[in-house]
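Novice: Here you go, this is model.cif (mmCIF, N, CA and C atoms).
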```
data_target
#
loop_
_atom_site.group_PDB
_atom_site.id
_atom_site.type_symbol
_atom_site.label_atom_id
_atom_site.label_comp_id
_atom_site.auth_asym_id
_atom_site.auth_seq_id
_atom_site.Cartn_x
_atom_site.Cartn_y
_atom_site.Cartn_z
ATOM 1 N N MET A 325 104.606 131.770 100.493
ATOM 2 C CA MET A 325 105.608 130.732 100.568
ATOM 3 C C MET A 325 104.983 129.405 101.027
ATOM 4 N N ALA A 326 104.151 129.462 102.052
ATOM 5 C CA ALA A 326 103.515 128.248 102.558
ATOM 6 C C ALA A 326 102.589 127.645 101.510
ATOM 7 N N LYS A 327 101.924 128.514 100.740
ATOM 8 C CA LYS A 327 101.022 128.026 99.700
ATOM 9 C C LYS A 327 101.816 127.298 98.610
ATOM 10 N N ALA A 328 102.977 127.817 98.241
ATOM 11 C CA ALA A 328 103.821 127.176 97.229
ATOM 12 C C ALA A 328 104.320 125.823 97.718
ATOM 13 N N GLN A 329 104.680 125.739 98.993
ATOM 14 C CA GLN A 329 105.129 124.458 99.553
ATOM 15 C C GLN A 329 103.992 123.446 99.571
ATOM 16 N N ALA A 330 102.797 123.898 99.911
ATOM 17 C CA ALA A 330 101.638 123.007 99.933
ATOM 18 C C ALA A 330 101.335 122.493 98.529
ATOM 19 N N MET A 331 101.422 123.383 97.532
ATOM 20 C CA MET A 331 101.177 122.969 96.150
ATOM 21 C C MET A 331 102.236 121.972 95.689
ATOM 22 N N GLY A 332 103.490 122.185 96.076
ATOM 23 C CA GLY A 332 104.561 121.252 95.726
ATOM 24 C C GLY A 332 104.332 119.888 96.346
ATOM 25 N N ALA A 333 103.918 119.876 97.596
ATOM 26 C CA ALA A 333 103.646 118.611 98.282
ATOM 27 C C ALA A 333 102.473 117.887 97.617
ATOM 28 N N LEU A 334 101.442 118.630 97.252
ATOM 29 C CA LEU A 334 100.283 118.034 96.589
ATOM 30 C C LEU A 334 100.676 117.435 95.243
ATOM 31 N N LEU A 335 101.496 118.148 94.490
ATOM 32 C CA LEU A 335 101.950 117.641 93.195
ATOM 33 C C LEU A 335 102.748 116.348 93.370
ATOM 34 N N THR A 336 103.607 116.303 94.366
ATOM 35 C CA THR A 336 104.388 115.093 94.638
ATOM 36 C C THR A 336 103.471 113.917 94.968
ATOM 37 N N ILE A 337 102.478 114.163 95.793
ATOM 38 C CA ILE A 337 101.529 113.104 96.168
ATOM 39 C C ILE A 337 100.769 112.610 94.940
ATOM 40 N N LEU A 338 100.342 113.516 94.071
ATOM 41 C CA LEU A 338 99.611 113.119 92.871
ATOM 42 C C LEU A 338 100.477 112.287 91.934
ATOM 43 N N VAL A 339 101.740 112.637 91.787
ATOM 44 C CA VAL A 339 102.648 111.855 90.935
ATOM 45 C C VAL A 339 102.824 110.457 91.509
ATOM 46 N N VAL A 340 103.009 110.340 92.816
ATOM 47 C CA VAL A 340 103.166 109.027 93.450
ATOM 48 C C VAL A 340 101.907 108.201 93.275
ATOM 49 N N LEU A 341 100.745 108.806 93.466
ATOM 50 C CA LEU A 341 99.491 108.073 93.310
ATOM 51 C C LEU A 341 99.277 107.628 91.867
ATOM 52 N N ALA A 342 99.590 108.481 90.919
ATOM 53 C CA ALA A 342 99.433 108.118 89.511
ATOM 54 C C ALA A 342 100.348 106.964 89.152
ATOM 55 N N THR A 343 101.585 107.008 89.626
ATOM 56 C CA THR A 343 102.530 105.927 89.359
ATOM 57 C C THR A 343 102.054 104.639 90.020
ATOM 58 N N SER A 344 101.552 104.726 91.232
ATOM 59 C CA SER A 344 101.063 103.545 91.943
ATOM 60 C C SER A 344 99.890 102.921 91.205
ATOM 61 N N ALA A 345 98.958 103.733 90.758
ATOM 62 C CA ALA A 345 97.791 103.216 90.032
ATOM 63 C C ALA A 345 98.221 102.583 88.725
ATOM 64 N N GLU A 346 99.140 103.217 88.018
ATOM 65 C CA GLU A 346 99.610 102.683 86.744
ATOM 66 C C GLU A 346 100.287 101.329 86.960
ATOM 67 N N MET A 347 101.136 101.222 87.960
ATOM 68 C CA MET A 347 101.847 99.976 88.216
ATOM 69 C C MET A 347 100.885 98.884 88.693
ATOM 70 N N ALA A 348 99.838 99.257 89.431
ATOM 71 C CA ALA A 348 98.889 98.261 89.921
ATOM 72 C C ALA A 348 98.151 97.579 88.774
ATOM 73 N N HIS A 349 97.939 98.283 87.666
ATOM 74 C CA HIS A 349 97.217 97.727 86.528
ATOM 75 C C HIS A 349 98.131 97.247 85.419
ATOM 76 N N GLY A 350 99.430 97.401 85.599
ATOM 77 C CA GLY A 350 100.382 97.023 84.576
ATOM 78 C C GLY A 350 100.716 98.209 83.693
ATOM 79 N N ILE A 351 101.712 98.013 82.847
ATOM 80 C CA ILE A 351 102.132 99.079 81.956
ATOM 81 C C ILE A 351 102.521 98.489 80.613
ATOM 82 N N CYS A 352 102.356 99.280 79.583
ATOM 83 C CA CYS A 352 102.842 98.924 78.240
ATOM 84 C C CYS A 352 102.353 97.545 77.781
ATOM 85 N N ASN A 353 101.094 97.263 78.003
ATOM 86 C CA ASN A 353 100.474 95.973 77.659
ATOM 87 C C ASN A 353 101.076 94.800 78.439
ATOM 88 N N LEU A 354 101.754 95.089 79.522
ATOM 89 C CA LEU A 354 102.279 94.048 80.413
ATOM 90 C C LEU A 354 101.483 94.168 81.708
ATOM 91 N N SER A 355 100.623 93.201 81.946
ATOM 92 C CA SER A 355 99.749 93.258 83.122
ATOM 93 C C SER A 355 100.556 93.074 84.400
ATOM 94 N N SER A 356 99.939 93.402 85.514
ATOM 95 C CA SER A 356 100.614 93.174 86.791
ATOM 96 C C SER A 356 100.867 91.678 86.993
ATOM 97 N N ASN A 357 99.990 90.818 86.455
ATOM 98 C CA ASN A 357 100.239 89.368 86.531
ATOM 99 C C ASN A 357 101.456 88.989 85.697
ATOM 100 N N GLY A 358 101.607 89.622 84.543
ATOM 101 C CA GLY A 358 102.771 89.379 83.702
ATOM 102 C C GLY A 358 104.058 89.823 84.380
ATOM 103 N N ILE A 359 103.991 90.974 85.026
ATOM 104 C CA ILE A 359 105.163 91.463 85.762
ATOM 105 C C ILE A 359 105.519 90.483 86.869
ATOM 106 N N ARG A 360 104.511 90.011 87.588
ATOM 107 C CA ARG A 360 104.764 89.032 88.670
ATOM 108 C C ARG A 360 105.323 87.725 88.112
ATOM 109 N N ALA A 361 104.892 87.330 86.910
ATOM 110 C CA ALA A 361 105.422 86.103 86.302
ATOM 111 C C ALA A 361 106.909 86.250 85.984
ATOM 112 N N CYS A 362 107.332 87.459 85.685
ATOM 113 C CA CYS A 362 108.743 87.707 85.351
ATOM 114 C C CYS A 362 109.586 88.024 86.572
ATOM 115 N N GLN A 363 108.959 88.326 87.682
ATOM 116 C CA GLN A 363 109.696 88.745 88.874
ATOM 117 C C GLN A 363 110.769 87.756 89.322
ATOM 118 N N PRO A 364 110.503 86.435 89.354
ATOM 119 C CA PRO A 364 111.553 85.524 89.823
ATOM 120 C C PRO A 364 112.849 85.596 89.002
ATOM 121 N N ALA A 365 112.736 85.831 87.718
ATOM 122 C CA ALA A 365 113.919 85.885 86.857
ATOM 123 C C ALA A 365 114.623 87.236 86.922
ATOM 124 N N ALA A 366 113.950 88.250 87.439
ATOM 125 C CA ALA A 366 114.546 89.580 87.538
ATOM 126 C C ALA A 366 114.666 90.039 88.992
ATOM 127 N N ALA A 367 114.523 89.098 89.903
ATOM 128 C CA ALA A 367 114.524 89.439 91.326
ATOM 129 C C ALA A 367 115.845 90.060 91.767
ATOM 130 N N ILE A 368 115.744 90.922 92.742
ATOM 131 C CA ILE A 368 116.936 91.551 93.308
ATOM 132 C C ILE A 368 117.805 90.485 93.963
ATOM 133 N N ARG A 369 117.186 89.586 94.681
ATOM 134 C CA ARG A 369 117.922 88.517 95.383
ATOM 135 C C ARG A 369 117.525 87.153 94.822
ATOM 136 N N ASN A 370 118.505 86.306 94.591
ATOM 137 C CA ASN A 370 118.303 84.923 94.156
ATOM 138 C C ASN A 370 117.402 84.781 92.929
ATOM 139 N N PRO A 371 117.728 85.455 91.847
ATOM 140 C CA PRO A 371 116.894 85.312 90.646
ATOM 141 C C PRO A 371 117.036 83.921 90.036
ATOM 142 N N THR A 372 115.993 83.480 89.341
ATOM 143 C CA THR A 372 116.079 82.232 88.601
ATOM 144 C C THR A 372 116.936 82.465 87.364
ATOM 145 N N GLU A 373 117.493 81.406 86.829
ATOM 146 C CA GLU A 373 118.382 81.528 85.672
ATOM 147 C C GLU A 373 117.628 81.929 84.410
ATOM 148 N N GLN A 374 116.456 81.354 84.209
ATOM 149 C CA GLN A 374 115.665 81.600 82.994
ATOM 150 C C GLN A 374 114.266 82.087 83.365
ATOM 151 N N PRO A 375 113.670 82.930 82.531
ATOM 152 C CA PRO A 375 112.281 83.334 82.767
ATOM 153 C C PRO A 375 111.335 82.163 82.491
ATOM 154 N N SER A 376 110.205 82.186 83.157
ATOM 155 C CA SER A 376 109.196 81.142 82.960
ATOM 156 C C SER A 376 108.499 81.327 81.610
ATOM 157 N N ALA A 377 107.788 80.280 81.190
ATOM 158 C CA ALA A 377 106.998 80.368 79.956
ATOM 159 C C ALA A 377 105.937 81.454 80.087
ATOM 160 N N ALA A 378 105.359 81.605 81.283
ATOM 161 C CA ALA A 378 104.344 82.642 81.508
ATOM 162 C C ALA A 378 104.959 84.034 81.361
ATOM 163 N N CYS A 379 106.170 84.193 81.830
ATOM 164 C CA CYS A 379 106.868 85.471 81.696
ATOM 165 C C CYS A 379 107.113 85.775 80.213
ATOM 166 N N CYS A 380 107.628 84.800 79.490
ATOM 167 C CA CYS A 380 107.910 85.012 78.064
ATOM 168 C C CYS A 380 106.637 85.320 77.282
ATOM 169 N N ALA A 381 105.546 84.651 77.627
ATOM 170 C CA ALA A 381 104.274 84.929 76.956
ATOM 171 C C ALA A 381 103.819 86.356 77.258
ATOM 172 N N ALA A 382 103.989 86.786 78.508
ATOM 173 C CA ALA A 382 103.613 88.150 78.880
ATOM 174 C C ALA A 382 104.471 89.168 78.132
ATOM 175 N N LEU A 383 105.770 88.909 78.051
ATOM 176 C CA LEU A 383 106.671 89.825 77.346
ATOM 177 C C LEU A 383 106.378 89.860 75.850
ATOM 178 N N ALA A 384 105.972 88.723 75.279
ATOM 179 C CA ALA A 384 105.653 88.669 73.846
ATOM 180 C C ALA A 384 104.474 89.579 73.505
ATOM 181 N N GLY A 385 103.577 89.769 74.453
ATOM 182 C CA GLY A 385 102.427 90.634 74.229
ATOM 183 C C GLY A 385 102.635 92.069 74.682
ATOM 184 N N ALA A 386 103.800 92.334 75.275
ATOM 185 C CA ALA A 386 104.081 93.673 75.804
ATOM 186 C C ALA A 386 104.577 94.611 74.713
ATOM 187 N N ASN A 387 104.421 95.875 74.947
ATOM 188 C CA ASN A 387 104.947 96.906 74.068
ATOM 189 C C ASN A 387 106.377 97.203 74.544
ATOM 190 N N LEU A 388 107.360 96.538 73.944
ATOM 191 C CA LEU A 388 108.749 96.662 74.404
ATOM 192 C C LEU A 388 109.308 98.074 74.250
ATOM 193 N N PRO A 389 109.032 98.792 73.154
ATOM 194 C CA PRO A 389 109.515 100.176 73.094
ATOM 195 C C PRO A 389 108.974 101.035 74.244
ATOM 196 N N CYS A 390 107.724 100.787 74.609
ATOM 197 C CA CYS A 390 107.130 101.509 75.734
ATOM 198 C C CYS A 390 107.862 101.158 77.026
ATOM 199 N N LEU A 391 108.155 99.872 77.243
ATOM 200 C CA LEU A 391 108.858 99.453 78.454
ATOM 201 C C LEU A 391 110.242 100.092 78.559
ATOM 202 N N CYS A 392 110.873 100.340 77.428
ATOM 203 C CA CYS A 392 112.198 100.979 77.438
ATOM 204 C C CYS A 392 112.153 102.332 78.132
ATOM 205 N N ARG A 393 111.042 103.012 78.014
ATOM 206 C CA ARG A 393 110.924 104.332 78.651
ATOM 207 C C ARG A 393 110.955 104.231 80.168
ATOM 208 N N TYR A 394 110.698 103.059 80.717
ATOM 209 C CA TYR A 394 110.663 102.882 82.166
ATOM 210 C C TYR A 394 111.987 102.373 82.738
ATOM 211 N N LYS A 395 112.965 102.112 81.906
ATOM 212 C CA LYS A 395 114.199 101.506 82.425
ATOM 213 C C LYS A 395 114.955 102.427 83.367
ATOM 214 N N ASN A 396 114.750 103.721 83.272
ATOM 215 C CA ASN A 396 115.420 104.643 84.187
ATOM 216 C C ASN A 396 114.610 104.915 85.446
ATOM 217 N N ALA A 397 113.476 104.273 85.578
ATOM 218 C CA ALA A 397 112.630 104.423 86.767
ATOM 219 C C ALA A 397 112.836 103.230 87.692
ATOM 220 N N ALA A 398 114.098 102.913 87.944
ATOM 221 C CA ALA A 398 114.431 101.719 88.732
ATOM 222 C C ALA A 398 113.765 101.720 90.095
ATOM 223 N N GLY A 399 113.635 102.884 90.724
ATOM 224 C CA GLY A 399 113.017 102.947 92.051
ATOM 225 C C GLY A 399 111.607 102.417 92.066
ATOM 226 N N VAL A 400 110.868 102.664 91.000
ATOM 227 C CA VAL A 400 109.487 102.179 90.910
ATOM 228 C C VAL A 400 109.476 100.658 90.850
ATOM 229 N N TRP A 401 110.341 100.078 90.017
ATOM 230 C CA TRP A 401 110.393 98.619 89.881
ATOM 231 C C TRP A 401 110.819 97.964 91.186
ATOM 232 N N VAL A 402 111.789 98.550 91.852
ATOM 233 C CA VAL A 402 112.267 97.989 93.118
ATOM 234 C C VAL A 402 111.173 98.072 94.168
ATOM 235 N N ARG A 403 110.554 99.224 94.284
ATOM 236 C CA ARG A 403 109.549 99.444 95.322
ATOM 237 C C ARG A 403 108.335 98.541 95.154
ATOM 238 N N PHE A 404 107.820 98.422 93.942
ATOM 239 C CA PHE A 404 106.584 97.678 93.737
ATOM 240 C C PHE A 404 106.783 96.185 93.503
ATOM 241 N N TYR A 405 107.863 95.811 92.828
ATOM 242 C CA TYR A 405 107.998 94.419 92.415
ATOM 243 C C TYR A 405 109.302 93.759 92.844
ATOM 244 N N ARG A 406 110.198 94.479 93.494
ATOM 245 C CA ARG A 406 111.493 93.932 93.933
ATOM 246 C C ARG A 406 112.268 93.375 92.736
ATOM 247 N N ILE A 407 112.284 94.145 91.651
ATOM 248 C CA ILE A 407 112.923 93.743 90.399
ATOM 249 C C ILE A 407 114.194 94.549 90.174
ATOM 250 N N ASP A 408 115.251 93.849 89.763
ATOM 251 C CA ASP A 408 116.494 94.491 89.325
ATOM 252 C C ASP A 408 116.289 94.883 87.862
ATOM 253 N N ILE A 409 116.305 96.171 87.583
ATOM 254 C CA ILE A 409 115.969 96.645 86.242
ATOM 255 C C ILE A 409 116.940 96.118 85.189
ATOM 256 N N ASN A 410 118.208 95.949 85.525
ATOM 257 C CA ASN A 410 119.168 95.424 84.547
ATOM 258 C C ASN A 410 118.845 93.980 84.173
ATOM 259 N N ARG A 411 118.465 93.180 85.154
ATOM 260 C CA ARG A 411 118.032 91.805 84.854
ATOM 261 C C ARG A 411 116.747 91.819 84.038
ATOM 262 N N ALA A 412 115.834 92.697 84.416
ATOM 263 C CA ALA A 412 114.546 92.772 83.716
ATOM 264 C C ALA A 412 114.743 93.122 82.244
ATOM 265 N N MET A 413 115.651 94.025 81.954
ATOM 266 C CA MET A 413 115.891 94.420 80.572
ATOM 267 C C MET A 413 116.524 93.296 79.753
ATOM 268 N N GLY A 414 117.105 92.304 80.402
ATOM 269 C CA GLY A 414 117.676 91.159 79.705
ATOM 270 C C GLY A 414 116.684 90.042 79.441
ATOM 271 N N LEU A 415 115.510 90.102 80.058
ATOM 272 C CA LEU A 415 114.536 89.013 79.921
ATOM 273 C C LEU A 415 114.003 88.836 78.500
ATOM 274 N N PRO A 416 113.672 89.895 77.782
ATOM 275 C CA PRO A 416 113.178 89.665 76.414
ATOM 276 C C PRO A 416 114.169 88.850 75.571
ATOM 277 N N GLY A 417 115.453 89.128 75.678
ATOM 278 C CA GLY A 417 116.460 88.364 74.934
ATOM 279 C C GLY A 417 116.459 86.900 75.319
ATOM 280 N N LYS A 418 116.265 86.609 76.615
ATOM 281 C CA LYS A 418 116.212 85.220 77.073
ATOM 282 C C LYS A 418 114.952 84.519 76.583
ATOM 283 N N CYS A 419 113.953 85.318 76.209
ATOM 284 C CA CYS A 419 112.701 84.761 75.675
ATOM 285 C C CYS A 419 112.709 84.737 74.145
ATOM 286 N N GLY A 420 113.822 85.100 73.534
ATOM 287 C CA GLY A 420 113.906 85.104 72.074
ATOM 288 C C GLY A 420 113.272 86.326 71.433
ATOM 289 N N LEU A 421 113.079 87.375 72.200
ATOM 290 C CA LEU A 421 112.488 88.615 71.704
ATOM 291 C C LEU A 421 113.575 89.663 71.546
ATOM 292 N N ALA A 422 113.433 90.521 70.574
ATOM 293 C CA ALA A 422 114.422 91.574 70.351
ATOM 294 C C ALA A 422 113.935 92.879 70.973
ATOM 295 N N MET A 423 114.802 93.465 71.787
ATOM 296 C CA MET A 423 114.515 94.793 72.331
ATOM 297 C C MET A 423 114.806 95.813 71.244
ATOM 298 N N PRO A 424 114.126 96.941 71.269
ATOM 299 C CA PRO A 424 114.408 97.991 70.296
ATOM 300 C C PRO A 424 115.870 98.424 70.389
ATOM 301 N N ALA A 425 116.446 98.785 69.263
ATOM 302 C CA ALA A 425 117.871 99.150 69.213
ATOM 303 C C ALA A 425 118.188 100.359 70.087
ATOM 304 N N ASN A 426 117.258 101.278 70.229
ATOM 305 C CA ASN A 426 117.523 102.484 71.001
ATOM 306 C C ASN A 426 117.149 102.363 72.464
ATOM 307 N N CYS A 427 116.946 101.167 72.940
ATOM 308 C CA CYS A 427 116.534 100.956 74.323
ATOM 309 C C CYS A 427 117.741 100.949 75.243
#
```
Re-express the file's structure as structure tokens.

Specialist:
Amino acid sequence: MAKAQAMGALLTILVVLATSAEMAHGICNLSSNGIRACQPAAAIRNPTEQPSAACCAALAGANLPCLCRYKNAAGVWVRFYRIDINRAMGLPGKCGLAMPANC
């Protein structure tokens, strides 16, 4: 029983570390600098009305279908970048980009 609990704890730690490393380097062709450029427009508190040109440029180079897979991982976005996922999902439209229909 103790061995199973230890293995479960280790697996949890590995998942957290993998997610942390992935977010530190960016995801879906959106670099961590690109994410930071979009943060003010998707901030949890006091967001800007429009995304910056740097944010739109970062989103234009991002893999939007890939980003859709992360929309249900709101805790990760909040923890690492203080981003409201619903606002973040609206940014491509504000930049003139189309999100995939199934997103």

Novice: Exactly which residues make up the result of the PyMOL selection byres (((chain A and resi 418-421 and name CA) around 9) and name CA) on this file, given as a PyMOL selection string?

Specialist: chain A and resi 374-377+379-381+383-384+414-417+422-423

Novice: As lines of an AutoDock Vina configuration file, please: the centre and edge lengths in Å, to one decimal, of an axis-aligned box enclosing every listed atom of segment 407-425 of chain A with 5 Å added on each side.

Specialist:
```
center_x = 115.7
center_y = 92.4
center_z = 80.4
size_x = 16.9
size_y = 25.8
size_z = 32.4
```

Novice: Quick one: of A:Ala365, A:Cys392, A:Ala386, A:Ala412, who's nearest to Pro424 of chain A, counting only C-alpha atoms?

Specialist: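 Checking each candidate against Pro424 of chain A, we get A:Cys392 as the closest.
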
Novice: Neighbours of Ala366 of chain A within 5 Å (all atoms listed in the file; same-chain residues fewer than 2 positions away dropped), as a PyMOL selection string?

Specialist: chain A and resi 362-364+368+407-408+411-412

Novice: Kindly indicate which residue among A:Ala361, A:Arg403, A:Asn396, A:Cys352 lies nearest to Ala378 of chain A, using only C-alpha atoms for the distances.

Specialist: A:Ala361
